[in-house]
>>> print(open('entry_13.csv').read())   # CSV, C-alpha atoms
chain,number,residue,atom,x,y,z
A,274,ARG,CA,4.9,-2.1,-24.0
A,275,ILE,CA,2.2,-4.4,-22.7
A,276,LEU,CA,3.9,-4.5,-19.2
A,277,ARG,CA,4.6,-0.8,-19.4
A,278,ALA,CA,0.9,-0.1,-20.0
A,279,LEU,CA,-0.1,-2.1,-17.0
A,280,ARG,CA,2.6,-0.4,-14.9
A,281,PHE,CA,1.4,3.1,-15.9
A,282,ALA,CA,-2.1,2.1,-15.0
A,283,ALA,CA,-0.9,1.0,-11.6
A,284,GLN,CA,1.3,4.0,-11.0
A,285,LEU,CA,-0.9,6.7,-12.5
A,286,ASP,CA,-4.4,5.3,-11.8
A,287,PHE,CA,-5.6,5.6,-15.3
A,288,LYS,CA,-8.0,3.5,-17.4
A,289,ILE,CA,-7.0,1.4,-20.4
A,290,ASP,CA,-9.6,1.4,-23.1
A,291,ALA,CA,-11.2,-1.9,-24.1
A,292,LYS,CA,-9.6,-1.9,-27.6
A,293,SER,CA,-6.1,-1.6,-26.1
A,294,VAL,CA,-6.8,-4.3,-23.6
A,295,ASN,CA,-8.0,-6.7,-26.3
A,296,ALA,CA,-4.9,-6.0,-28.4
A,297,MET,CA,-2.7,-6.6,-25.3
A,298,ARG,CA,-4.4,-9.9,-24.7
A,299,THR,CA,-4.0,-10.9,-28.3
A,300,HIS,CA,-0.2,-10.4,-28.1
A,301,ALA,CA,0.3,-11.5,-24.5
A,302,HIS,CA,2.1,-14.7,-25.6
A,303,LEU,CA,4.9,-12.5,-26.8
A,304,LEU,CA,5.8,-11.7,-23.2
A,305,ASN,CA,7.5,-15.1,-23.0
A,306,ASN,CA,10.1,-13.7,-25.4
A,307,LEU,CA,11.3,-11.0,-23.0
A,308,ALA,CA,14.3,-11.5,-20.8
A,309,VAL,CA,13.1,-12.8,-17.4
A,310,GLU,CA,15.1,-10.1,-15.6
A,311,ARG,CA,13.1,-7.4,-17.4
A,312,VAL,CA,9.8,-9.2,-16.6
A,313,PHE,CA,10.7,-9.3,-12.9
A,314,GLN,CA,11.7,-5.7,-12.9
A,315,GLU,CA,8.4,-4.6,-14.5
A,316,LEU,CA,6.5,-6.8,-12.0
A,317,GLN,CA,8.3,-5.2,-9.1
A,318,LEU,CA,7.4,-1.8,-10.4
A,319,ILE,CA,3.8,-2.8,-10.8
A,320,PHE,CA,3.6,-4.3,-7.3
A,321,ALA,CA,5.3,-1.2,-5.8
A,322,ALA,CA,2.7,1.1,-7.4
A,323,LYS,CA,-0.1,2.6,-5.3
A,324,HIS,CA,-2.8,1.0,-7.5
A,325,ALA,CA,-1.3,-2.4,-8.2
A,326,SER,CA,-4.8,-3.9,-8.4
A,327,LEU,CA,-5.5,-2.0,-11.6
A,328,ALA,CA,-2.7,-3.8,-13.4
A,329,LEU,CA,-4.4,-7.1,-12.4
A,330,PHE,CA,-7.9,-5.7,-13.2
A,331,TYR,CA,-6.8,-5.1,-16.8
A,332,GLY,CA,-4.1,-7.7,-17.1
A,333,GLN,CA,-4.8,-10.8,-15.0
A,334,GLU,CA,-5.2,-12.9,-18.1
A,335,ILE,CA,-2.2,-11.2,-19.7
A,336,LEU,CA,0.1,-11.7,-16.7
A,337,SER,CA,-0.9,-15.3,-16.4
A,338,HIS,CA,1.1,-16.0,-19.6
A,339,ILE,CA,4.3,-15.4,-17.7
A,340,ILE,CA,3.1,-16.3,-14.2
A,341,ILE,CA,0.3,-18.9,-14.5
A,342,GLU,CA,-0.6,-18.5,-10.8
A,343,MET,CA,-1.9,-15.0,-11.5
A,344,ASP,CA,-4.9,-16.6,-13.1
A,345,GLN,CA,-6.0,-18.1,-9.8
A,346,LEU,CA,-6.3,-14.8,-7.9
A,347,SER,CA,-9.7,-13.9,-6.6
A,348,ALA,CA,-11.2,-10.4,-6.9
A,349,PHE,CA,-10.7,-10.0,-3.1
A,350,GLU,CA,-7.0,-10.9,-3.3
A,351,ILE,CA,-6.5,-8.5,-6.3
A,352,ASN,CA,-8.2,-5.6,-4.4
A,353,MET,CA,-6.2,-6.3,-1.3
A,354,LEU,CA,-2.9,-5.7,-3.2
A,355,ASP,CA,-3.5,-2.0,-2.6
A,356,GLU,CA,-3.8,-2.4,1.1
A,357,PHE,CA,-0.1,-3.2,1.5
A,358,GLU,CA,3.0,-1.3,0.7
A,359,ASP,CA,5.6,-4.1,1.0
A,360,VAL,CA,6.2,-5.7,-2.4
A,361,ARG,CA,7.1,-9.0,-0.7
A,362,ILE,CA,3.6,-9.2,0.7
A,363,LYS,CA,2.1,-8.8,-2.8
A,364,TRP,CA,4.1,-11.6,-4.2
A,365,VAL,CA,3.0,-13.9,-1.3
A,366,ILE,CA,-0.7,-12.8,-1.8
A,367,CYS,CA,-0.3,-14.0,-5.5
A,368,PHE,CA,0.9,-17.4,-4.2
A,369,ARG,CA,-1.0,-17.7,-1.0
A,370,SER,CA,-3.0,-20.6,-2.4
A,371,ASN,CA,0.2,-22.3,-3.7
A,372,THR,CA,3.0,-24.1,-1.9
A,373,VAL,CA,6.2,-22.3,-0.8
A,374,GLU,CA,8.0,-24.5,-3.3
A,375,GLU,CA,5.9,-23.1,-6.1
A,376,LEU,CA,6.6,-19.6,-5.0
A,377,GLN,CA,10.3,-20.3,-4.8
A,378,HIS,CA,10.4,-21.9,-8.2
A,379,ARG,CA,8.7,-19.0,-9.9
A,380,LEU,CA,10.9,-16.4,-8.3
A,381,VAL,CA,14.1,-18.3,-9.1
A,382,LYS,CA,12.9,-18.7,-12.7
A,383,LEU,CA,12.4,-15.0,-12.9
A,384,LYS,CA,16.0,-14.6,-11.5
A,385,ALA,CA,14.9,-12.6,-8.5
A,386,PRO,CA,17.6,-11.6,-6.1
A,387,LYS,CA,18.5,-14.4,-3.6
A,388,GLN,CA,17.7,-12.2,-0.6
A,389,PHE,CA,14.3,-11.3,-2.0
A,390,VAL,CA,13.5,-15.0,-2.7
A,391,HIS,CA,14.5,-15.9,0.9
A,392,ASP,CA,12.4,-13.1,2.4
A,393,CYS,CA,9.3,-14.2,0.3
A,394,ILE,CA,9.8,-17.8,1.3
A,395,GLN,CA,10.0,-16.8,5.0
A,396,LEU,CA,6.9,-14.6,4.7
A,397,HIS,CA,4.9,-17.2,3.0
A,398,THR,CA,5.9,-19.8,5.7
A,399,CYS,CA,5.0,-17.4,8.5
A,400,TYR,CA,1.7,-16.3,6.9
A,401,HIS,CA,0.6,-20.0,6.8
A,402,HIS,CA,1.6,-20.5,10.5
A,403,ARG,CA,-1.0,-20.5,13.2
A,404,PHE,CA,0.5,-18.2,15.8
A,405,SER,CA,0.1,-19.4,19.4
A,406,LYS,CA,-0.8,-17.2,22.4
A,407,ASP,CA,1.9,-19.0,24.3
A,408,GLU,CA,4.9,-16.7,24.8
A,409,TYR,CA,7.5,-19.4,24.5
A,410,ALA,CA,6.1,-20.6,21.2
A,411,LEU,CA,6.1,-17.0,19.9
A,412,LYS,CA,9.7,-16.5,21.1
A,413,LEU,CA,10.7,-19.6,19.2
A,414,MET,CA,9.2,-18.0,16.0
A,415,MET,CA,11.2,-14.9,16.8
A,416,HIS,CA,14.3,-17.0,17.2
A,417,HIS,CA,13.9,-18.5,13.7
A,418,PHE,CA,12.4,-15.6,11.8
A,419,PRO,CA,13.1,-11.8,11.6
A,420,ASN,CA,10.7,-9.7,13.6
A,421,THR,CA,9.8,-7.7,10.5
A,422,ILE,CA,8.7,-10.9,8.7
A,423,LEU,CA,6.6,-12.0,11.6
A,424,GLN,CA,4.9,-8.7,11.9
A,425,LEU,CA,4.2,-8.6,8.1
A,426,ALA,CA,2.8,-12.1,8.3
A,427,MET,CA,0.4,-11.3,11.1
A,428,ASP,CA,-0.7,-8.1,9.4
A,429,MET,CA,-1.4,-10.2,6.3
A,430,GLN,CA,-3.5,-12.6,8.4
A,431,MET,CA,-5.4,-9.7,9.9
A,432,LYS,CA,-6.2,-7.8,6.7
A,433,LEU,CA,-6.9,-10.8,4.6
A,434,GLN,CA,-9.3,-12.1,7.3
A,435,ASP,CA,-7.4,-15.4,7.5
A,436,PRO,CA,-9.2,-17.8,9.9
A,437,MET,CA,-5.9,-18.6,11.6
A,438,TYR,CA,-5.5,-15.0,12.7
A,439,ASP,CA,-5.5,-14.5,16.5
A,440,VAL,CA,-5.7,-11.0,17.7
A,441,GLU,CA,-4.4,-11.9,21.2
A,442,ALA,CA,-1.4,-13.7,19.7
A,443,HIS,CA,-0.7,-10.6,17.6
A,444,ARG,CA,-0.8,-8.4,20.7
A,445,ILE,CA,1.6,-10.7,22.6
A,446,LEU,CA,4.0,-10.9,19.7
A,447,ASN,CA,4.1,-7.1,19.3
A,448,ASN,CA,4.7,-6.7,23.0
A,449,LEU,CA,7.6,-9.2,22.9
A,450,ILE,CA,9.2,-7.3,20.0
A,451,GLU,CA,8.7,-3.9,21.7
A,452,THR,CA,10.2,-5.1,24.9
A,453,ASN,CA,13.2,-6.7,23.1
A,454,ALA,CA,12.6,-10.2,24.4
A,455,CYS,CA,15.9,-12.2,24.5
A,456,VAL,CA,15.6,-14.8,21.7
A,457,GLN,CA,19.1,-14.9,20.3
A,458,LEU,CA,22.5,-15.8,21.7
A,459,LYS,CA,23.8,-12.4,20.8
A,460,ASP,CA,21.3,-10.9,23.3
A,461,LEU,CA,22.3,-13.2,26.1
A,462,ASP,CA,24.1,-11.6,29.0
A,463,LEU,CA,26.6,-14.5,28.9
A,464,ASN,CA,29.1,-15.6,26.3
A,465,GLY,CA,31.8,-18.1,25.5
A,466,HIS,CA,34.5,-16.1,27.1
A,467,ASP,CA,32.6,-16.1,30.4
A,468,LEU,CA,32.3,-19.9,30.3
A,469,MET,CA,35.9,-20.4,29.5
A,470,GLU,CA,36.8,-18.7,32.8
A,471,TYR,CA,35.1,-21.7,34.4
A,472,GLN,CA,37.2,-24.1,32.4
A,473,ILE,CA,34.4,-24.9,30.0
A,474,LYS,CA,35.7,-25.8,26.5
A,475,GLY,CA,34.8,-27.0,23.1
A,476,LYS,CA,31.3,-28.1,22.2
A,477,GLN,CA,30.2,-27.8,25.9
A,478,ILE,CA,30.3,-24.0,25.5
A,479,GLN,CA,27.6,-24.1,22.8
A,480,VAL,CA,25.6,-26.7,24.8
A,481,LEU,CA,25.5,-24.4,27.9
A,482,LEU,CA,24.8,-21.3,25.9
A,483,ASP,CA,21.9,-22.9,24.2
A,484,LYS,CA,20.6,-24.2,27.6
A,485,ALA,CA,20.9,-20.7,29.0
A,486,LEU,CA,19.1,-19.1,26.1
A,487,ASP,CA,16.3,-21.7,26.4
A,488,GLY,CA,16.0,-21.0,30.1
A,489,VAL,CA,15.7,-17.3,29.5
A,490,MET,CA,13.1,-17.8,26.8
A,491,ARG,CA,11.1,-20.0,29.1
A,492,ASP,CA,11.3,-17.4,31.9
A,493,LEU,CA,13.1,-19.9,34.1
A,494,VAL,CA,16.0,-17.5,34.7
A,495,VAL,CA,16.7,-13.8,34.4
A,496,ASN,CA,19.0,-12.7,31.6
A,497,SER,CA,21.8,-11.7,33.8
A,498,LYS,CA,25.3,-13.1,33.8
A,499,THR,CA,25.3,-13.7,37.6
A,500,GLU,CA,21.9,-15.4,37.5
A,501,LEU,CA,22.8,-17.5,34.4
A,502,LEU,CA,26.0,-18.8,35.9
A,503,ALA,CA,24.3,-19.8,39.1
A,504,TRP,CA,21.4,-21.4,37.1
A,505,LEU,CA,24.0,-23.4,35.2
A,506,ASN,CA,25.6,-24.5,38.5
A,507,LEU,CA,28.9,-22.8,37.6
A,508,THR,CA,29.2,-20.8,40.8
A,509,SER,CA,29.8,-22.0,44.3
>>> encode(input="entry_13.csv", output="structure tokens")
Amino acid sequence: RILRALRFAAQLDFKIDAKSVNAMRTHAHLLNNLAVERVFQELQLIFAAKHASLALFYGQEILSHIIIEMDQLSAFEINMLDEFEDVRIKWVICFRSNTVEELQHRLVKLKAPKQFVHDCIQLHTCYHHRFSKDEYALKLMMHHFPNTILQLAMDMQMKLQDPMYDVEAHRILNNLIETNACVQLKDLDLNGHDLMEYQIKGKQIQVLLDKALDGVMRDLVVNSKTELLAWLNLTS
């Protein structure tokens, strides 16, 4: 009922009277008796609510009984929860002063779905990354992380006024995503079957495909089968 009261405040934007808040704080230790799956579900509903900050306004001390990191949140961070819709961002905000290992440990302990844990880890990692204005460096990030995660991370940096935020890097990243920059082997206009026609076999296929992708990402060659084969010295 304690978590439900906080959830209703977040969802319906209503006030919780001081007497009720004090009673909730007195019995907050009982939250540790709940099944962790139920706790995670309630927290997800709270974070998904339009006024998630209200749940922290009334229940920061209460929630810290189950997630101690909640007690470290600043008023600015709590208020910023309402500026984002994505629940993953809100989890990362709660742990932005903590290590990615601490975030992972907490989510695993709450038995969060594996994909959700993975997404939050990636988002936390990208949020703490200083994005370069160099296109190749940004393409490498696109190669290793989903575009949605990269965009969410840069939006976080911007709205949270992070000193690492670079507006020009943000613009370049968005442009690379919008123009479908080739950063994955699946987007390369050359594949293993093409190379096999030139008697390329085994591990050498992967070596040449990786080289071709890197060449495209560095703008050394156009992403065209004919151009790539010539660049790899496979045509006479």
>>> atom_distance(input="entry_13.csv", atom1="atom CA of A:Glu500", atom2="atom CA of A:Asp487")
13.9 Å
>>> atom_distance(input="entry_13.csv", atom1="atom CA of A:Leu463", atom2="atom CA of A:Asp407")
25.5 Å
>>> closest_residue(input="entry_13.csv", among="A:Leu461, A:Ile366, A:Glu470, A:Ala283", to="A:Leu501", atoms="all atoms listed in the file")
A:Leu461
>>> atom_distance(input="entry_13.csv", atom1="atom CA of A:Tyr331", atom2="atom CA of A:Gln345")
14.8 Å
>>> residues_around(input="entry_13.csv", residues="stretch 396-400 of chain A", least_positions_apart="6", cutoff="7 Å", atoms="only C-alpha atoms", output="list in words")
Val365, Val373, Ile422, Leu423, Ala426, Met427, Met429 and Gln430 of chain A
>>> write_last_selection(input="entry_13.csv", atoms="C-alpha atoms", output="PDB file, in the coordinates of the input")
ATOM      1  CA  VAL A 365       3.000 -13.900  -1.300  1.00  0.00           C
ATOM      2  CA  VAL A 373       6.200 -22.300  -0.800  1.00  0.00           C
ATOM      3  CA  ILE A 422       8.700 -10.900   8.700  1.00  0.00           C
ATOM      4  CA  LEU A 423       6.600 -12.000  11.600  1.00  0.00           C
ATOM      5  CA  ALA A 426       2.800 -12.100   8.300  1.00  0.00           C
ATOM      6  CA  MET A 427       0.400 -11.300  11.100  1.00  0.00           C
ATOM      7  CA  MET A 429      -1.400 -10.200   6.300  1.00  0.00           C
ATOM      8  CA  GLN A 430      -3.500 -12.600   8.400  1.00  0.00           C
TER       9      GLN A 430
END
>>> residues_around(input="entry_13.csv", residues="A:Ala278", least_positions_apart="6", cutoff="12 Å", atoms="only C-alpha atoms", output="list in words")
Gln284, Leu285, Asp286, Phe287, Lys288, Ile289, Asp290, Ser293, Val294, Ala296, Met297, Glu315, Leu316, Leu318, Ile319, Leu327, Ala328, Leu329, Tyr331, Gly332 and Ile335 of chain A
>>> closest_residue(input="entry_13.csv", among="A:Ile339, A:Leu376, A:Ala282, A:Ala322", to="A:His302", atoms="all atoms listed in the file")
A:Ile339
>>> closest_atom_pairs(input="entry_13.csv", of="stretch 329-440 of chain A", to="stretch 309-314 of chain A", cutoff="8 Å", atoms="all atoms listed in the file", output="tab-separated table")
residue	atom	partner	partner_atom	distance
A:Lys382	CA	A:Val309	CA	7.5
A:Leu383	CA	A:Val309	CA	5.1
A:Lys384	CA	A:Glu310	CA	6.2
A:Ala385	CA	A:Phe313	CA	6.9
>>> write_last_selection(input="entry_13.csv", atoms="C-alpha atoms", output="PDB file, in the frame of the given file")
ATOM      1  CA  LYS A 382      12.900 -18.700 -12.700  1.00  0.00           C
ATOM      2  CA  LEU A 383      12.400 -15.000 -12.900  1.00  0.00           C
ATOM      3  CA  LYS A 384      16.000 -14.600 -11.500  1.00  0.00           C
ATOM      4  CA  ALA A 385      14.900 -12.600  -8.500  1.00  0.00           C
TER       5      ALA A 385
END
>>> residues_around(input="entry_13.csv", residues="A:Ala301", least_positions_apart="2", cutoff="10 Å", atoms="all atoms listed in the file", output="number ranges by chain")
A: 275-276, 295-299, 303-305, 332, 334-339
>>> build_atoms(input="entry_13.csv", residues="stretch 421-450 of chain A", atoms="N, CA and C atoms", output="compact mmCIF listing (two decimals), keeping the file's coordinate frame")
# COMPACT_ATOMS: atom_id res chain seq x y z
N THR A 421 10.52 -8.36 11.53
CA THR A 421 9.80 -7.70 10.50
C THR A 421 8.92 -8.67 9.67
N ILE A 422 9.47 -9.84 9.41
CA ILE A 422 8.70 -10.90 8.70
C ILE A 422 7.54 -11.35 9.47
N LEU A 423 7.73 -11.56 10.77
CA LEU A 423 6.60 -12.00 11.60
C LEU A 423 5.52 -10.98 11.68
N GLN A 424 5.88 -9.72 11.81
CA GLN A 424 4.90 -8.70 11.90
C GLN A 424 4.12 -8.52 10.55
N LEU A 425 4.85 -8.62 9.44
CA LEU A 425 4.20 -8.60 8.10
C LEU A 425 3.22 -9.73 7.96
N ALA A 426 3.63 -10.92 8.41
CA ALA A 426 2.80 -12.10 8.30
C ALA A 426 1.50 -11.95 9.08
N MET A 427 1.61 -11.42 10.29
CA MET A 427 0.40 -11.30 11.10
C MET A 427 -0.49 -10.15 10.58
N ASP A 428 0.13 -9.11 10.03
CA ASP A 428 -0.70 -8.10 9.40
C ASP A 428 -1.43 -8.61 8.20
N MET A 429 -0.78 -9.50 7.45
CA MET A 429 -1.40 -10.20 6.30
C MET A 429 -2.64 -10.97 6.80
N GLN A 430 -2.41 -11.78 7.83
CA GLN A 430 -3.50 -12.60 8.40
C GLN A 430 -4.68 -11.74 8.79
N MET A 431 -4.38 -10.63 9.43
CA MET A 431 -5.40 -9.70 9.90
C MET A 431 -6.21 -9.12 8.76
N LYS A 432 -5.51 -8.49 7.82
CA LYS A 432 -6.20 -7.80 6.70
C LYS A 432 -6.84 -8.68 5.72
N LEU A 433 -6.27 -9.88 5.54
CA LEU A 433 -6.90 -10.80 4.60
C LEU A 433 -7.93 -11.70 5.27
N GLN A 434 -8.21 -11.38 6.54
CA GLN A 434 -9.30 -12.10 7.30
C GLN A 434 -9.04 -13.59 7.31
N ASP A 435 -7.78 -13.96 7.50
CA ASP A 435 -7.40 -15.40 7.50
C ASP A 435 -8.00 -16.02 8.80
N PRO A 436 -8.63 -17.18 8.68
CA PRO A 436 -9.20 -17.80 9.90
C PRO A 436 -8.18 -18.21 10.93
N MET A 437 -6.90 -18.27 10.57
CA MET A 437 -5.90 -18.60 11.60
C MET A 437 -5.48 -17.39 12.40
N TYR A 438 -5.91 -16.20 11.99
CA TYR A 438 -5.50 -15.00 12.70
C TYR A 438 -6.02 -14.97 14.12
N ASP A 439 -5.14 -14.63 15.07
CA ASP A 439 -5.50 -14.50 16.50
C ASP A 439 -5.06 -13.18 16.99
N VAL A 440 -6.01 -12.33 17.33
CA VAL A 440 -5.70 -11.00 17.70
C VAL A 440 -4.87 -10.93 19.01
N GLU A 441 -5.11 -11.86 19.92
CA GLU A 441 -4.40 -11.90 21.20
C GLU A 441 -2.91 -12.31 20.92
N ALA A 442 -2.71 -13.28 20.05
CA ALA A 442 -1.40 -13.70 19.70
C ALA A 442 -0.61 -12.53 19.04
N HIS A 443 -1.31 -11.76 18.24
CA HIS A 443 -0.70 -10.60 17.60
C HIS A 443 -0.28 -9.56 18.63
N ARG A 444 -1.11 -9.34 19.62
CA ARG A 444 -0.80 -8.40 20.70
C ARG A 444 0.43 -8.83 21.47
N ILE A 445 0.47 -10.12 21.81
CA ILE A 445 1.60 -10.70 22.60
C ILE A 445 2.88 -10.59 21.80
N LEU A 446 2.82 -10.93 20.52
CA LEU A 446 4.00 -10.90 19.70
C LEU A 446 4.55 -9.44 19.61
N ASN A 447 3.67 -8.48 19.38
CA ASN A 447 4.10 -7.10 19.30
C ASN A 447 4.74 -6.64 20.62
N ASN A 448 4.18 -7.09 21.73
CA ASN A 448 4.70 -6.70 23.00
C ASN A 448 6.12 -7.33 23.23
N LEU A 449 6.30 -8.59 22.81
CA LEU A 449 7.60 -9.20 22.90
C LEU A 449 8.65 -8.50 22.09
N ILE A 450 8.25 -8.06 20.92
CA ILE A 450 9.20 -7.30 20.00
C ILE A 450 9.49 -5.96 20.63
